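One structure is given below, encoded as structure tokens.
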Amino acid sequence: MNYQKELEKIIVRLGKEEKVPTLLLHSCCAPCSSYVLEYLSNYFETTIFYYNPNIYPESEYTKRILEQQTLIAKMKTRHPVTFMAGNYDKERFYEMARGMEHLKEGGERCFRCYELRLRESAEVAKKCGLDYFTTTLSISPLKNAAKLNEIGLRLSKEYGVEYLPSDFKKKNGYKRSIELSKKYGLYRQDYCGCEFSVAVPQRA
């Protein structure tokens, strides 16, 4: 399935209905959210939800969340954008990853991490009464967009909140995120976030 085309169909329908729905956009980091925010804020009132308990170490988490807030403050958007921080539930992440520490990047551990973050996003979107939820993760060439959408659509049924399908790397989305990162002087990390994606011994 071409998830970008599915997203475009929804946007066209919303335009015909003259609606500006609310969206909870889970963000993994400022650079990845830059293009996504530029794009979706034309059609949605967006709440950036920063929930990434996988990020290691805590100093890196702090750096990334501050960078996210800086980007939101700098960007000019058509419709309002607000920010919400989730809890830094790092022990929840380690509990999820237990027994899968040895797996290579991009496998089952990562898929579980997708679900951890998307599930929290669905819960928050429902609690806040928002119309849609989605994630910036599909902008990365290293993330499995099909798996992200599979999880998101399943959670949509479970929580009763519409999931916005996406593959933000399409239409040069990833390239645009690099351009915007340069424009806003964003810190671009060189690893996904968890300690298993960097060459480190054991967590403190």
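Labeling convention for the structure tokens: chains A, B, ... as they appear, residues from 1 per chain, ligands from 1 in order of appearance.
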Closest atom pairs, residues of stretch 144-180 of chain A within 12 Å of stretch 95-107 of chain A, only C-alpha atoms, as a tab-separated table:
residue	atom	partner	partner_atom	distance
A:Asn144	CA	A:Gly106	CA	7.6
A:Ala145	CA	A:Gly106	CA	11.3
A:Lys147	CA	A:Gly107	CA	10.5
A:Leu148	CA	A:Gly106	CA	11.8
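Those residues of stretch 64-94 of chain A that DSSP, working from the backbone, places in strand (DSSP E or B) are Val81, Thr82, Phe83, Met84 and Ala85 of chain A.
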Write a file of the selected residues as a PDB file, in the first residue's frame, keeping N, CA and C atoms.
ATOM      1  N   VAL A  81       0.291  25.118  16.448  1.00  0.00           N
ATOM      2  CA  VAL A  81       1.077  23.963  16.870  1.00  0.00           C
ATOM      3  C   VAL A  81       1.386  24.132  18.351  1.00  0.00           C
ATOM      4  N   THR A  82       1.076  23.110  19.122  1.00  0.00           N
ATOM      5  CA  THR A  82       1.388  23.118  20.548  1.00  0.00           C
ATOM      6  C   THR A  82       2.300  21.950  20.870  1.00  0.00           C
ATOM      7  N   PHE A  83       2.853  21.971  22.065  1.00  0.00           N
ATOM      8  CA  PHE A  83       3.824  20.952  22.471  1.00  0.00           C
ATOM      9  C   PHE A  83       3.362  20.252  23.743  1.00  0.00           C
ATOM     10  N   MET A  84       3.562  18.944  23.760  1.00  0.00           N
ATOM     11  CA  MET A  84       3.262  18.155  24.950  1.00  0.00           C
ATOM     12  C   MET A  84       4.394  17.157  25.168  1.00  0.00           C
ATOM     13  N   ALA A  85       4.920  17.112  26.374  1.00  0.00           N
ATOM     14  CA  ALA A  85       5.989  16.170  26.692  1.00  0.00           C
ATOM     15  C   ALA A  85       5.417  14.965  27.419  1.00  0.00           C
TER      16      ALA A  85
END
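If you measure from each of A:Cys29, A:Asn52, A:Thr70, A:Lys127 to A:Phe93 using only C-alpha atoms, the closest one turns out to be A:Asn52.
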- Counting only C-alpha atoms, what is within 9 Å of stretch 13-20 of chain A, bar same-chain residues fewer than 3 positions away, as a ChimeraX atom specification? /A:8-10,42-45,79
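Counting from atom CA of A:Ile48, the distance to atom CA of A:Cys28 is 9.9 Å.
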Cut-off 10 Å: closest stretch 10-41 of chain A/stretch 158-169 of chain A atom pairs per residue, using only C-alpha atoms, as a Markdown table:
| residue | atom | partner | partner_atom | distance |
| --- | --- | --- | --- | --- |
| A:Ile10 | CA | A:Leu164 | CA | 8.3 |
| A:Ile11 | CA | A:Leu164 | CA | 9.9 |
| A:Leu23 | CA | A:Leu164 | CA | 8.6 |
| A:Leu24 | CA | A:Tyr163 | CA | 9.6 |
| A:Leu25 | CA | A:Leu164 | CA | 9.4 |
| A:Cys32 | CA | A:Phe168 | CA | 9.3 |
| A:Ser33 | CA | A:Phe168 | CA | 9.9 |
| A:Tyr35 | CA | A:Phe168 | CA | 8.3 |
| A:Val36 | CA | A:Phe168 | CA | 6.9 |
| A:Tyr39 | CA | A:Phe168 | CA | 9.4 |
Generate the output file for the selected residues, C-alpha atoms, as a PDB file, in the first residue's frame.
ATOM      1  CA  ILE A  10      -7.664  12.067   3.563  1.00  0.00           C
ATOM      2  CA  ILE A  11      -6.310  15.576   3.093  1.00  0.00           C
ATOM      3  CA  LEU A  23      -3.797  15.853  15.302  1.00  0.00           C
ATOM      4  CA  LEU A  24      -1.466  14.371  17.873  1.00  0.00           C
ATOM      5  CA  LEU A  25       1.884  14.016  16.112  1.00  0.00           C
ATOM      6  CA  CYS A  32      12.448  14.381  11.594  1.00  0.00           C
ATOM      7  CA  SER A  33       9.516  16.515  12.692  1.00  0.00           C
ATOM      8  CA  TYR A  35       9.260  18.508   7.281  1.00  0.00           C
ATOM      9  CA  VAL A  36       6.309  16.641   8.779  1.00  0.00           C
ATOM     10  CA  TYR A  39       3.532  19.672   5.696  1.00  0.00           C
TER      11      TYR A  39
END
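With distances restricted to only C-alpha atoms, A:Asn149 is the closest residue to A:Asn2 from A:Ser177, A:Ser156, A:Ser34, A:Asn149.
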- Message: Excluding A:Tyr50 and its own-chain neighbours fewer than 4 positions away, which residues fall within 12 Å of it when counting only C-alpha atoms? Please give them as a ChimeraX atom specification.
- Response: /A:24-30,33,54-55,61-62,64-69,72,82-89,117-118,120-121,124,135-137
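Atom pair atom CA of A:Tyr114 / atom CA of A:Gly129: separated by 22.2 Å.
For A:Leu186, the residues within 7 Å (counting only C-alpha atoms, excluding itself and residues fewer than 3 positions away along the chain) are Pro31, Glu67, Ser181 and Lys182 of chain A.
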- Task: Considering only C-alpha atoms, return as a PyMOL selection string whatever protein or nucleic-acid residues lie within 10 Å of A:Glu38, sequence-local ones (same chain, fewer than 6 positions apart) excluded.
- Result: chain A and resi 75-78+176-177+180
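Comparing the minimum interatomic distances between A:Ile139 and each of A:Ile178, A:Cys194, A:Leu71, A:Cys110, counting only C-alpha atoms, we find that A:Ile178 sits nearest.
Within stretch 77-143 of chain A, DSSP run on the backbone puts these residues in alpha helix (DSSP H): Lys90, Glu91, Arg92, Phe93, Tyr94, Glu95, Met96, Ala97, Glu108, Arg109, Cys110, Phe111, Arg112, Cys113, Tyr114, Glu115, Leu116, Arg117, Leu118, Arg119, Glu120, Ser121, Ala122, Glu123, Val124, Ala125, Lys126, Lys127 and Cys128 of chain A.
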Next, dump the selected residues to file, keeping only N, CA, C and O atoms, as a tab-separated table (two decimals), in the first residue's frame.
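Listing of again-v8.tsv after writing:
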chain	number	residue	atom	x	y	z
A	90	LYS	N	12.05	5.44	30.97
A	90	LYS	CA	13.13	4.60	30.43
A	90	LYS	C	13.06	3.16	30.93
A	90	LYS	O	13.41	2.23	30.20
A	91	GLU	N	12.59	2.96	32.17
A	91	GLU	CA	12.47	1.60	32.67
A	91	GLU	C	11.40	0.81	31.92
A	91	GLU	O	11.49	-0.40	31.77
A	92	ARG	N	10.39	1.53	31.46
A	92	ARG	CA	9.35	0.88	30.63
A	92	ARG	C	9.94	0.39	29.32
A	92	ARG	O	9.61	-0.69	28.84
A	93	PHE	N	10.84	1.17	28.78
A	93	PHE	CA	11.51	0.76	27.54
A	93	PHE	C	12.38	-0.47	27.79
A	93	PHE	O	12.36	-1.43	27.01
A	94	TYR	N	13.16	-0.46	28.87
A	94	TYR	CA	14.06	-1.59	29.13
A	94	TYR	C	13.28	-2.87	29.43
A	94	TYR	O	13.71	-3.96	29.05
A	95	GLU	N	12.14	-2.72	30.08
A	95	GLU	CA	11.28	-3.88	30.32
A	95	GLU	C	10.79	-4.45	28.99
A	95	GLU	O	10.77	-5.67	28.78
A	96	MET	N	10.41	-3.59	28.09
A	96	MET	CA	9.96	-4.01	26.77
A	96	MET	C	11.06	-4.71	25.98
A	96	MET	O	10.82	-5.68	25.26
A	97	ALA	N	12.28	-4.20	26.11
A	97	ALA	CA	13.41	-4.71	25.32
A	97	ALA	C	14.06	-5.94	25.92
A	97	ALA	O	14.93	-6.55	25.27
A	108	GLU	N	12.79	-6.96	15.50
A	108	GLU	CA	11.64	-7.06	16.40
A	108	GLU	C	11.71	-6.10	17.57
A	108	GLU	O	10.69	-5.55	17.99
A	109	ARG	N	12.91	-5.87	18.11
A	109	ARG	CA	13.01	-4.92	19.23
A	109	ARG	C	12.54	-3.52	18.79
A	109	ARG	O	11.83	-2.84	19.53
A	110	CYS	N	12.92	-3.13	17.61
A	110	CYS	CA	12.51	-1.82	17.08
A	110	CYS	C	11.00	-1.78	16.86
A	110	CYS	O	10.35	-0.76	17.14
A	111	PHE	N	10.43	-2.89	16.37
A	111	PHE	CA	9.00	-2.93	16.15
A	111	PHE	C	8.24	-2.78	17.47
A	111	PHE	O	7.22	-2.09	17.54
A	112	ARG	N	8.76	-3.41	18.52
A	112	ARG	CA	8.14	-3.26	19.84
A	112	ARG	C	8.26	-1.82	20.33
A	112	ARG	O	7.36	-1.31	21.00
A	113	CYS	N	9.37	-1.20	20.01
A	113	CYS	CA	9.58	0.20	20.40
A	113	CYS	C	8.61	1.11	19.64
A	113	CYS	O	8.07	2.06	20.22
A	114	TYR	N	8.38	0.82	18.37
A	114	TYR	CA	7.37	1.57	17.62
A	114	TYR	C	6.04	1.51	18.37
A	114	TYR	O	5.36	2.52	18.57
A	115	GLU	N	5.66	0.29	18.74
A	115	GLU	CA	4.35	0.10	19.37
A	115	GLU	C	4.29	0.78	20.73
A	115	GLU	O	3.27	1.35	21.09
A	116	LEU	N	5.36	0.71	21.49
A	116	LEU	CA	5.40	1.38	22.79
A	116	LEU	C	5.06	2.86	22.65
A	116	LEU	O	4.22	3.40	23.38
A	117	ARG	N	5.70	3.51	21.69
A	117	ARG	CA	5.50	4.94	21.52
A	117	ARG	C	4.16	5.27	20.86
A	117	ARG	O	3.50	6.24	21.22
A	118	LEU	N	3.75	4.46	19.90
A	118	LEU	CA	2.46	4.69	19.25
A	118	LEU	C	1.29	4.41	20.18
A	118	LEU	O	0.26	5.10	20.14
A	119	ARG	N	1.43	3.41	21.05
A	119	ARG	CA	0.36	3.10	22.00
A	119	ARG	C	0.15	4.27	22.96
A	119	ARG	O	-0.98	4.67	23.25
A	120	GLU	N	1.25	4.81	23.46
A	120	GLU	CA	1.15	5.97	24.35
A	120	GLU	C	0.51	7.14	23.62
A	120	GLU	O	-0.30	7.89	24.19
A	121	SER	N	0.87	7.31	22.35
A	121	SER	CA	0.31	8.39	21.54
A	121	SER	C	-1.20	8.22	21.36
A	121	SER	O	-1.96	9.19	21.46
A	122	ALA	N	-1.63	7.00	21.08
A	122	ALA	CA	-3.06	6.72	20.91
A	122	ALA	C	-3.82	7.00	22.21
A	122	ALA	O	-4.91	7.58	22.19
A	123	GLU	N	-3.24	6.61	23.32
A	123	GLU	CA	-3.88	6.83	24.63
A	123	GLU	C	-4.04	8.32	24.90
A	123	GLU	O	-5.10	8.78	25.36
A	124	VAL	N	-2.98	9.09	24.63
A	124	VAL	CA	-3.02	10.53	24.88
A	124	VAL	C	-4.01	11.21	23.93
A	124	VAL	O	-4.77	12.10	24.33
A	125	ALA	N	-4.00	10.80	22.67
A	125	ALA	CA	-4.92	11.38	21.70
A	125	ALA	C	-6.37	11.16	22.12
A	125	ALA	O	-7.21	12.06	22.03
A	126	LYS	N	-6.66	9.95	22.59
A	126	LYS	CA	-8.02	9.65	23.05
A	126	LYS	C	-8.37	10.46	24.28
A	126	LYS	O	-9.46	11.05	24.37
A	127	LYS	N	-7.45	10.51	25.23
A	127	LYS	CA	-7.68	11.25	26.48
A	127	LYS	C	-7.94	12.73	26.21
A	127	LYS	O	-8.78	13.36	26.86
A	128	CYS	N	-7.22	13.28	25.23
A	128	CYS	CA	-7.34	14.71	24.91
A	128	CYS	C	-8.46	15.01	23.92
A	128	CYS	O	-8.71	16.17	23.59
